[in-house]
Each structure stands twice: as C-alpha cells, then as structure tokens.
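Q: One file is attached below, start.cif, containing mmCIF, C-alpha atoms and all ligand atoms.
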```cif
data_my_file
#
loop_
_atom_site.label_atom_id
_atom_site.label_comp_id
_atom_site.auth_asym_id
_atom_site.auth_seq_id
_atom_site.Cartn_x
_atom_site.Cartn_y
_atom_site.Cartn_z
CA MET Q 1 39.84 -1.79 -3.32
CA THR Q 2 40.58 1.81 -4.20
CA THR Q 3 37.96 4.49 -4.23
CA GLN Q 4 37.97 6.80 -7.21
CA SER Q 5 38.08 10.36 -5.88
CA GLY Q 6 35.67 13.08 -6.82
CA GLN Q 7 32.66 10.82 -6.65
CA LEU Q 8 29.58 10.96 -4.47
CA TYR Q 9 28.54 7.52 -3.24
CA ILE Q 10 24.95 7.03 -2.07
CA VAL Q 11 25.41 4.23 0.43
CA ALA Q 12 22.55 2.21 1.93
CA THR Q 13 22.99 1.20 5.58
CA PRO Q 14 21.02 -1.32 7.71
CA ILE Q 15 17.42 -0.66 8.83
CA GLY Q 16 17.83 -2.66 12.04
CA ASN Q 17 20.06 -5.69 11.64
CA LEU Q 18 23.65 -4.43 11.50
CA ALA Q 19 24.67 -7.34 9.27
CA ASP Q 20 22.53 -5.96 6.43
CA ILE Q 21 25.32 -4.02 4.76
CA SER Q 22 27.30 -5.03 1.70
CA GLN Q 23 31.05 -5.58 1.57
CA ARG Q 24 31.18 -2.94 -1.17
CA ALA Q 25 29.45 -0.42 1.13
CA LEU Q 26 31.95 -1.16 3.93
CA ASP Q 27 34.90 -0.81 1.52
CA ILE Q 28 33.64 2.52 0.25
CA LEU Q 29 32.84 3.87 3.72
CA SER Q 30 36.36 2.94 4.87
CA THR Q 31 38.16 4.62 1.99
CA VAL Q 32 36.24 7.83 1.17
CA ASP Q 33 37.58 11.20 2.31
CA TRP Q 34 34.30 12.10 4.00
CA ILE Q 35 31.12 10.46 5.19
CA ALA Q 36 28.17 12.85 5.10
CA ALA Q 37 25.67 11.52 7.65
CA GLU Q 38 22.18 12.61 8.59
CA ASP Q 39 23.06 12.29 12.27
CA THR Q 40 26.77 11.80 12.94
CA ARG Q 41 26.22 10.49 16.50
CA HIS Q 42 23.70 7.92 15.33
CA SER Q 43 25.87 6.72 12.43
CA SER Q 44 29.06 6.57 14.50
CA ARG Q 45 27.63 3.46 16.21
CA LEU Q 46 27.46 1.63 12.88
CA LEU Q 47 30.88 2.89 11.81
CA GLN Q 48 32.47 1.92 15.12
CA HIS Q 49 30.92 -1.55 14.84
CA TYR Q 50 32.77 -2.02 11.54
CA GLY Q 51 35.95 -0.21 12.63
CA ILE Q 52 35.47 2.55 10.04
CA GLN Q 53 37.35 5.75 10.84
CA SER Q 54 36.61 8.06 7.89
CA LYS Q 55 35.92 11.68 8.81
CA MET Q 56 32.26 12.57 9.21
CA LEU Q 57 30.19 15.67 8.68
CA ALA Q 58 26.47 16.29 9.06
CA LEU Q 59 24.02 16.67 6.22
CA HIS Q 60 20.43 16.82 7.37
CA ASP Q 61 17.13 18.39 6.31
CA HIS Q 62 17.92 21.69 8.05
CA ASN Q 63 21.37 22.35 6.56
CA GLU Q 64 21.21 20.41 3.32
CA LYS Q 65 21.09 23.34 0.88
CA GLN Q 66 24.06 25.22 2.41
CA ARG Q 67 26.02 22.05 3.14
CA ALA Q 68 25.47 20.75 -0.38
CA ALA Q 69 27.38 23.72 -1.80
CA SER Q 70 30.44 23.07 0.37
CA LEU Q 71 30.32 19.32 -0.34
CA LEU Q 72 30.20 20.08 -4.04
CA GLU Q 73 33.39 22.11 -3.64
CA LYS Q 74 35.13 19.17 -1.98
CA LEU Q 75 33.95 16.84 -4.76
CA LYS Q 76 35.18 19.23 -7.43
CA GLN Q 77 38.57 19.33 -5.70
CA GLY Q 78 38.75 15.57 -6.21
CA GLN Q 79 37.67 14.39 -2.77
CA SER Q 80 35.26 11.48 -2.44
CA ILE Q 81 32.16 11.51 -0.25
CA ALA Q 82 29.78 8.79 0.91
CA LEU Q 83 26.29 9.93 1.82
CA ILE Q 84 24.47 7.84 4.43
CA SER Q 85 21.25 8.35 6.35
CA ASP Q 86 20.21 7.11 9.79
CA ALA Q 87 18.93 3.89 8.26
CA GLY Q 88 18.29 2.43 4.83
CA THR Q 89 18.74 4.12 1.51
CA PRO Q 90 19.51 7.86 1.50
CA LEU Q 91 16.98 10.09 -0.32
CA ILE Q 92 14.13 7.62 0.26
CA SER Q 93 12.16 9.83 2.68
CA ASP Q 94 15.61 11.02 3.79
CA PRO Q 95 17.96 13.93 2.98
CA GLY Q 96 20.23 14.08 -0.06
CA TYR Q 97 18.06 15.22 -2.95
CA SER Q 98 19.60 18.73 -3.24
CA LEU Q 99 23.13 17.36 -3.09
CA VAL Q 100 22.51 14.73 -5.77
CA ARG Q 101 20.75 17.27 -7.96
CA TYR Q 102 23.66 19.76 -7.68
CA CYS Q 103 26.12 16.97 -8.50
CA GLN Q 104 24.18 15.95 -11.60
CA GLN Q 105 23.99 19.59 -12.72
CA GLU Q 106 27.73 20.12 -12.13
CA GLY Q 107 28.80 16.89 -13.81
CA VAL Q 108 29.99 15.19 -10.61
CA GLN Q 109 29.52 11.43 -10.77
CA VAL Q 110 26.94 9.99 -8.36
CA VAL Q 111 27.31 6.28 -7.62
CA PRO Q 112 24.56 4.24 -5.92
CA VAL Q 113 25.67 1.56 -3.47
CA PRO Q 114 22.39 -0.31 -2.92
CA GLY Q 115 21.25 -2.16 0.16
CA ALA Q 116 18.50 -2.09 2.76
CA CYS Q 117 15.36 -0.05 2.18
CA ALA Q 118 12.30 -0.46 4.40
CA LEU Q 119 9.78 -0.07 1.60
CA ILE Q 120 11.35 -2.80 -0.54
CA ALA Q 121 11.93 -5.12 2.44
CA ALA Q 122 8.27 -4.70 3.46
CA LEU Q 123 6.91 -5.22 -0.03
CA SER Q 124 9.10 -8.24 -0.71
CA ALA Q 125 7.58 -10.25 2.15
CA ALA Q 126 4.05 -8.84 2.43
CA GLY Q 127 2.38 -11.20 -0.02
CA LEU Q 128 0.73 -8.31 -1.89
CA PRO Q 129 1.12 -7.63 -5.63
CA THR Q 130 4.55 -6.24 -6.45
CA ASP Q 131 4.25 -5.94 -10.24
CA GLN Q 132 3.05 -2.38 -9.77
CA PHE Q 133 3.21 -0.29 -6.61
CA LEU Q 134 3.10 3.34 -5.57
CA PHE Q 135 5.31 4.59 -2.74
CA ILE Q 136 3.76 7.64 -1.12
CA GLY Q 137 6.35 8.32 1.60
CA PHE Q 138 4.93 9.73 4.83
CA LEU Q 139 1.30 10.84 4.74
CA ALA Q 140 0.46 14.32 6.06
CA ALA Q 141 0.22 14.79 9.83
CA LYS Q 142 -3.10 16.67 9.61
CA GLN Q 143 -6.16 14.51 9.08
CA GLN Q 144 -7.85 16.53 6.35
CA GLN Q 145 -4.65 16.72 4.32
CA ARG Q 146 -4.15 13.00 4.79
CA LEU Q 147 -7.67 12.23 3.59
CA ASN Q 148 -7.13 14.51 0.56
CA GLN Q 149 -3.86 12.73 -0.26
CA LEU Q 150 -5.49 9.31 -0.06
CA GLN Q 151 -8.52 10.39 -2.09
CA ALA Q 152 -6.30 11.83 -4.82
CA ILE Q 153 -4.60 8.46 -5.47
CA PRO Q 154 -5.96 7.09 -8.75
CA ALA Q 155 -7.11 3.48 -8.99
CA GLY Q 156 -4.92 1.05 -10.90
CA VAL Q 157 -1.57 2.09 -9.42
CA GLY Q 158 -1.07 -1.28 -7.70
CA THR Q 159 -0.13 -1.77 -4.06
CA LEU Q 160 0.20 1.47 -2.08
CA VAL Q 161 3.15 1.68 0.29
CA CYS Q 162 3.65 4.37 2.91
CA TYR Q 163 5.91 5.02 5.86
CA GLU Q 164 4.09 5.67 9.10
CA THR Q 165 4.94 6.58 12.67
CA ALA Q 166 3.83 4.79 15.81
CA ARG Q 167 2.12 8.01 16.93
CA ARG Q 168 -0.11 8.31 13.87
CA ILE Q 169 -0.73 4.74 12.73
CA GLN Q 170 -4.13 4.35 14.37
CA ASP Q 171 -5.50 7.60 12.91
CA THR Q 172 -4.10 6.67 9.51
CA LEU Q 173 -5.74 3.23 9.60
CA GLN Q 174 -9.09 4.91 10.27
CA ASP Q 175 -8.57 7.26 7.33
CA VAL Q 176 -7.53 4.40 5.07
CA GLN Q 177 -10.75 2.59 5.99
CA GLN Q 178 -12.79 5.72 5.25
CA VAL Q 179 -11.24 6.19 1.80
CA PHE Q 180 -10.69 2.60 0.62
CA GLY Q 181 -13.53 0.85 2.45
CA ALA Q 182 -13.79 -1.60 5.34
CA GLU Q 183 -12.95 -4.65 3.21
CA ARG Q 184 -9.61 -3.57 1.73
CA GLU Q 185 -6.69 -5.86 2.56
CA LEU Q 186 -3.76 -4.22 4.36
CA VAL Q 187 -0.39 -5.33 5.65
CA LEU Q 188 1.50 -3.52 8.40
CA ALA Q 189 5.20 -4.48 8.41
CA LYS Q 190 6.76 -3.71 11.78
CA GLU Q 191 10.33 -3.64 13.06
CA LEU Q 192 11.78 -5.13 9.89
CA THR Q 193 15.04 -7.06 10.37
CA LYS Q 194 14.79 -6.56 14.17
CA THR Q 195 13.95 -8.96 17.00
CA PHE Q 196 10.22 -8.17 17.00
CA GLU Q 197 9.71 -8.12 13.25
CA HIS Q 198 6.06 -8.78 12.47
CA PHE Q 199 3.70 -8.61 9.49
CA ALA Q 200 0.11 -7.85 10.60
CA ARG Q 201 -2.44 -8.61 7.87
CA GLY Q 202 -6.13 -7.93 7.58
CA THR Q 203 -8.62 -5.13 7.15
CA ALA Q 204 -8.03 -1.73 8.75
CA SER Q 205 -10.22 -2.60 11.72
CA GLU Q 206 -8.54 -5.98 12.21
CA ILE Q 207 -5.09 -4.37 12.27
CA LEU Q 208 -6.37 -1.63 14.60
CA GLN Q 209 -7.66 -4.32 16.94
CA TRP Q 210 -4.33 -6.15 16.78
CA LEU Q 211 -2.50 -2.93 17.70
CA GLN Q 212 -4.89 -2.15 20.53
CA ASP Q 213 -4.66 -5.67 22.00
CA ASP Q 214 -1.14 -4.90 23.23
CA PRO Q 215 0.17 -1.31 23.72
CA LYS Q 216 3.70 -2.49 22.86
CA ARG Q 217 2.51 -3.23 19.33
CA CYS Q 218 1.89 0.49 18.77
CA GLN Q 219 5.62 1.18 19.18
CA GLY Q 220 8.48 0.85 16.74
CA GLU Q 221 8.96 1.45 13.05
CA MET Q 222 6.41 0.48 10.47
CA VAL Q 223 5.48 0.39 6.81
CA LEU Q 224 1.81 0.30 5.83
CA MET Q 225 0.77 -1.40 2.59
CA ILE Q 226 -2.65 -1.23 0.99
CA ALA Q 227 -3.60 -3.94 -1.50
CA PRO Q 228 -5.05 -2.90 -4.85
CA VAL Q 229 -8.78 -3.54 -5.41
CA ALA Q 230 -9.56 -7.22 -5.92
CA LYS Q 231 -9.00 -8.56 -9.47
CA THR Q 232 -12.67 -8.71 -10.46
CA GLU Q 233 -12.99 -4.97 -9.86
CA SER Q 234 -9.55 -3.98 -11.09
CA ASP Q 235 -10.71 -2.16 -14.21
CA ILE Q 236 -13.35 -0.16 -12.33
CA SER Q 237 -11.83 2.77 -10.43
CA ASP Q 238 -12.86 3.62 -6.89
CA THR Q 239 -14.44 6.84 -8.19
CA ALA Q 240 -16.51 4.92 -10.75
CA LEU Q 241 -17.62 2.47 -8.06
CA HIS Q 242 -18.66 5.40 -5.93
CA THR Q 243 -20.68 6.90 -8.80
CA LEU Q 244 -22.35 3.55 -9.42
CA GLN Q 245 -23.33 3.19 -5.79
CA LEU Q 246 -24.75 6.73 -5.63
CA LEU Q 247 -26.79 6.21 -8.80
CA MET Q 248 -27.97 2.77 -7.72
CA ALA Q 249 -29.51 4.38 -4.64
CA GLU Q 250 -31.73 6.52 -6.91
CA LEU Q 251 -32.18 4.54 -10.15
CA PRO Q 252 -32.73 1.01 -11.44
CA LEU Q 253 -29.44 -0.87 -11.81
CA LYS Q 254 -29.57 -0.93 -15.62
CA LYS Q 255 -29.87 2.86 -15.81
CA ALA Q 256 -27.26 3.41 -13.06
CA ALA Q 257 -24.76 1.15 -14.87
CA ALA Q 258 -25.40 2.89 -18.22
CA LEU Q 259 -24.91 6.37 -16.75
CA THR Q 260 -21.76 5.36 -14.84
CA ALA Q 261 -20.37 3.79 -18.01
CA GLU Q 262 -20.95 7.03 -19.89
CA ILE Q 263 -19.47 9.27 -17.16
CA HIS Q 264 -16.32 7.17 -16.66
CA GLY Q 265 -15.87 5.71 -20.15
CA LEU Q 266 -16.31 2.12 -18.91
CA LYS Q 267 -18.12 -0.99 -20.13
CA LYS Q 268 -21.83 -0.99 -19.21
CA ASN Q 269 -21.95 -4.73 -18.70
CA ALA Q 270 -19.00 -4.85 -16.27
CA LEU Q 271 -20.69 -2.18 -14.18
CA TYR Q 272 -24.05 -3.97 -14.37
CA GLN Q 273 -22.44 -7.21 -13.18
CA HIS Q 274 -20.69 -5.40 -10.38
CA GLY Q 275 -23.95 -3.71 -9.39
CA LEU Q 276 -25.63 -7.11 -9.24
CA SER Q 277 -22.94 -8.44 -6.93
CA LEU Q 278 -23.40 -5.39 -4.68
CA GLN Q 279 -27.17 -5.99 -4.54
CA GLN Q 280 -26.58 -9.59 -3.52
CA LYS Q 281 -24.36 -8.65 -0.56
N1 LIG Q 301 15.60 5.80 4.00
C1 LIG Q 301 14.90 4.83 4.78
C2 LIG Q 301 14.69 3.56 3.95
O1 LIG Q 301 15.42 3.34 3.01
O2 LIG Q 301 13.80 2.79 4.27
C3 LIG Q 301 13.61 5.39 5.33
C4 LIG Q 301 13.79 6.57 6.22
S1 LIG Q 301 12.33 7.23 6.86
C5 LIG Q 301 12.91 8.68 7.62
C6 LIG Q 301 12.00 6.24 8.26
C7 LIG Q 301 10.74 5.38 8.09
O3 LIG Q 301 11.06 4.20 7.37
C8 LIG Q 301 10.17 4.89 9.40
O4 LIG Q 301 9.29 5.85 9.98
C9 LIG Q 301 9.40 3.65 8.96
O5 LIG Q 301 8.17 4.00 8.39
C10 LIG Q 301 10.34 3.12 7.88
N2 LIG Q 301 11.30 2.18 8.47
C11 LIG Q 301 12.62 2.35 8.65
N3 LIG Q 301 13.18 1.27 9.22
C12 LIG Q 301 12.18 0.39 9.41
C13 LIG Q 301 12.10 -0.93 9.96
N4 LIG Q 301 13.17 -1.54 10.45
N5 LIG Q 301 10.89 -1.54 9.99
C14 LIG Q 301 9.79 -0.95 9.50
N6 LIG Q 301 9.80 0.29 8.96
C15 LIG Q 301 10.97 0.95 8.92
#
```
Show how you would write the structure in this file as structure tokens.
Ligand code: SAM
A:
Amino acid sequence: MTTQSGQLYIVATPIGNLADISQRALDILSTVDWIAAEDTRHSSRLLQHYGIQSKMLALHDHNEKQRAASLLEKLKQGQSIALISDAGTPLISDPGYSLVRYCQQEGVQVVPVPGACALIAALSAAGLPTDQFLFIGFLAAKQQQRLNQLQAIPAGVGTLVCYETARRIQDTLQDVQQVFGAERELVLAKELTKTFEHFARGTASEILQWLQDDPKRCQGEMVLMIAPVAKTESDISDTALHTLQLLMAELPLKKAAALTAEIHGLKKNALYQHGLSLQQK
C-alpha cells in the first residue's frame, strides 16, 4: 500500500494487548515520513514489536502548541505524519487536539485510522445501556471540583463513562455514591485486554469493598461507568427527585408531588406514584 503524502493520520494503538492493532494502522505507520508520538520511548516498544522503522518525534501536552506549528509545515511540504498516543485513540483524553484543529483550519487532510479505545471497549462489555452515553474524561483531582462536576451532569444523558486512576478511584467512588445515591449500579472495567482484565459490578460501596479486599485490585488502569437511573424513574431527573424528597419531609405527598411537578414541569401523577414507592421503602 502507498501512503498519500501531506496527510495527518490519527492512528489508534493497543490499550494492552499488542495484537489489537489493524493491518491498515501497521501499513500506515510503516510508510509515513514521521510518527508523532506522545512518548517516543514508550511507543518504540510497539514499533519494534512490529518491525516499524519510521522516524519518530514527540508531541505531548507540554509541547503540543509549538510542535503543531512545525508539524503543519512538514504536512504542507507534502510529508505524511501518523499521530499516536501511549495507548488507544489519540485525542481521547490524550494530546492532538491543537494539531488536528490547525490542520482543519489550514486545509490539511486528517484521516482517522480507528482501533482500540478504552471507553468503547469498557462500554461494549459492561452490560449497561449503550444507546446513549456521556464520556466525561478524567474527573477533577480535587474533591469539591469533582463533586461539582458530578452534580452538574443532567439526568437523561444515559450511561456515564469516566477514566480514573488507581490513586483516586476510592475517593471517586465515595463521591459518586454521595451524588447519585447508594443504590446506583456501577461497573468498573479494569486492565482491559490485559491478563488481569476484570469487570467489577455493583453499587459504589460493593465495588469499594471489592477493591479493599485485595490491595492489588487498586492497581492498574480503569474505566468507571455509572448506569442511568432505573427505567421507572427515567423521566424524573435527579434534581426533581431531590425536590420531591425535600418537600415530602415537610408536606403531605399529594401537595409535595403537585409542587414538584410545577417546579420541574413534570407530571403530577408520576411524581405521586414515585413518592408512594419511596414511602413504602
Ligand atoms: N486515548 C486512550 C483511549 O483511547 O482509551 C485513553 C488515554 S487516557 C490518558 C488513559 C486512561 O484510559 C487510563 O487512566 C484509564 O482510565 C483508561 N485506560 C487506558 N487503557 C486502559 C485499559 N487497558 N484498561 C482500562 N482502562 C484503560
């Protein structure tokens, strides 16, 4: 295969299992003028494994803006470049946005070469709804910011998917429980495509317990998924449920349901029925 010059290829690489790379990706990586890698040392292992000898240069978060300008020059001169990240699909919580944006603005063709992506791999096997989902990348490191981010997510967006680190997962699970409640179903997808791949399912406290049962489980790479509210409640947002509960503490159910319906523009009867089910718990 010949590579057309002057194009920027966005090439997905494996997220663990080295065999998860397409023939097209290997062909392109072997024939481009340059491979722009997030970490050249890290990526040279993959390239060596496949006997790829294309020249490499680094493009990471700290040099992306400056580097993008010089890469654009190369592209305009007719050279071809493949962008790869340490693992998975570039630009998905990884560098490359500035470069792709410059290319689009300057009329340089950008060609996706799809493949592994942790969020899609996790979602595809989690057993949670996939018809609608919201990917929120990495949550903030500081707890208050994280809580604000979670609280700002509107209801009805489907399954929530976020990347998380081993260091922060336990704190995040506690925050998720605080915002979405103790009953919400979660799935933690760990070490995807690797030897110790595991999907841990349950409530936040069940997954916390699973992690704490064996310190080794707190290591490795992970994707956290939060199921949407159960079907029977799906048209009542978390905020409306909260209002209903607050009002129910002060007023008869009928009045609380009517006021909540007015505040949130919802059906009185659905709220009344939901209130009844809460009272019966
Ligand atoms: N661009 C990558 C992709 O397409 O998935 C994601 C890069 S982001 C910097 C790294 C995060 O992705 C990790 O902290 C983890 O949350 C997730 N991740 C990457 N590889 C993973 C794997 N094998 N198993 C589970 N999560 C993974």
Q: Counting only C-alpha atoms, which residues have an atom no more than 12 Å from (-5.3, 7.0, 11.2) in the file's coordinates? Please list them as a PyMOL selection string.
A: chain Q and resi 139-147+150+164-179+204-205+207-208+224
Q: Quick one: 4 Å padding each side, axis-aligned, all listed atoms of ligand LIG 301 (chain Q) - centre and edge lengths in Å to one decimal, as JSON?
A:
```
{"center_x": 11.9, "center_y": 3.6, "center_z": 6.7, "size_x": 15.4, "size_y": 18.2, "size_z": 15.4}
```
Q: With only C-alpha atoms and all ligand atoms as the basis for distance, which of Q:Gly78, Q:Pro228, Q:Pro114, Q:Gly275 is at the shortest distance from ligand LIG 301 (chain Q)?
A: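 That would be Q:Pro114, the residue with the smallest distance to ligand LIG 301 (chain Q).
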Q: Go through Q:Asp214, Q:Gly6, Q:Lys194, Q:Ser98 one by one, measure the shortest atom-to-atom distance of each to His62 of chain Q using all atoms listed in the file, and give the residue with the smallest value.
A: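 Closest to His62 of chain Q of all the choices is Q:Ser98.
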Q: Ligand LIG 301 (chain Q): which residues are within 8 Å, counting all atoms listed in the file? Reply as a ChimeraX atom specification.
A: /Q:12,15-16,85-94,116-120,122,138,162-165,189-194,197,220-224
Q: If we count all atoms listed in the file, what is near Thr159 of chain Q at a cut-off of 8 Å, once residues fewer than 5 positions away on the same chain are taken out, given as a list in words?
A: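 Those residues are Leu128, Pro129, Thr130, Gln132, Phe133, Leu134, Met225, Ile226, Ala227 and Pro228 of chain Q.
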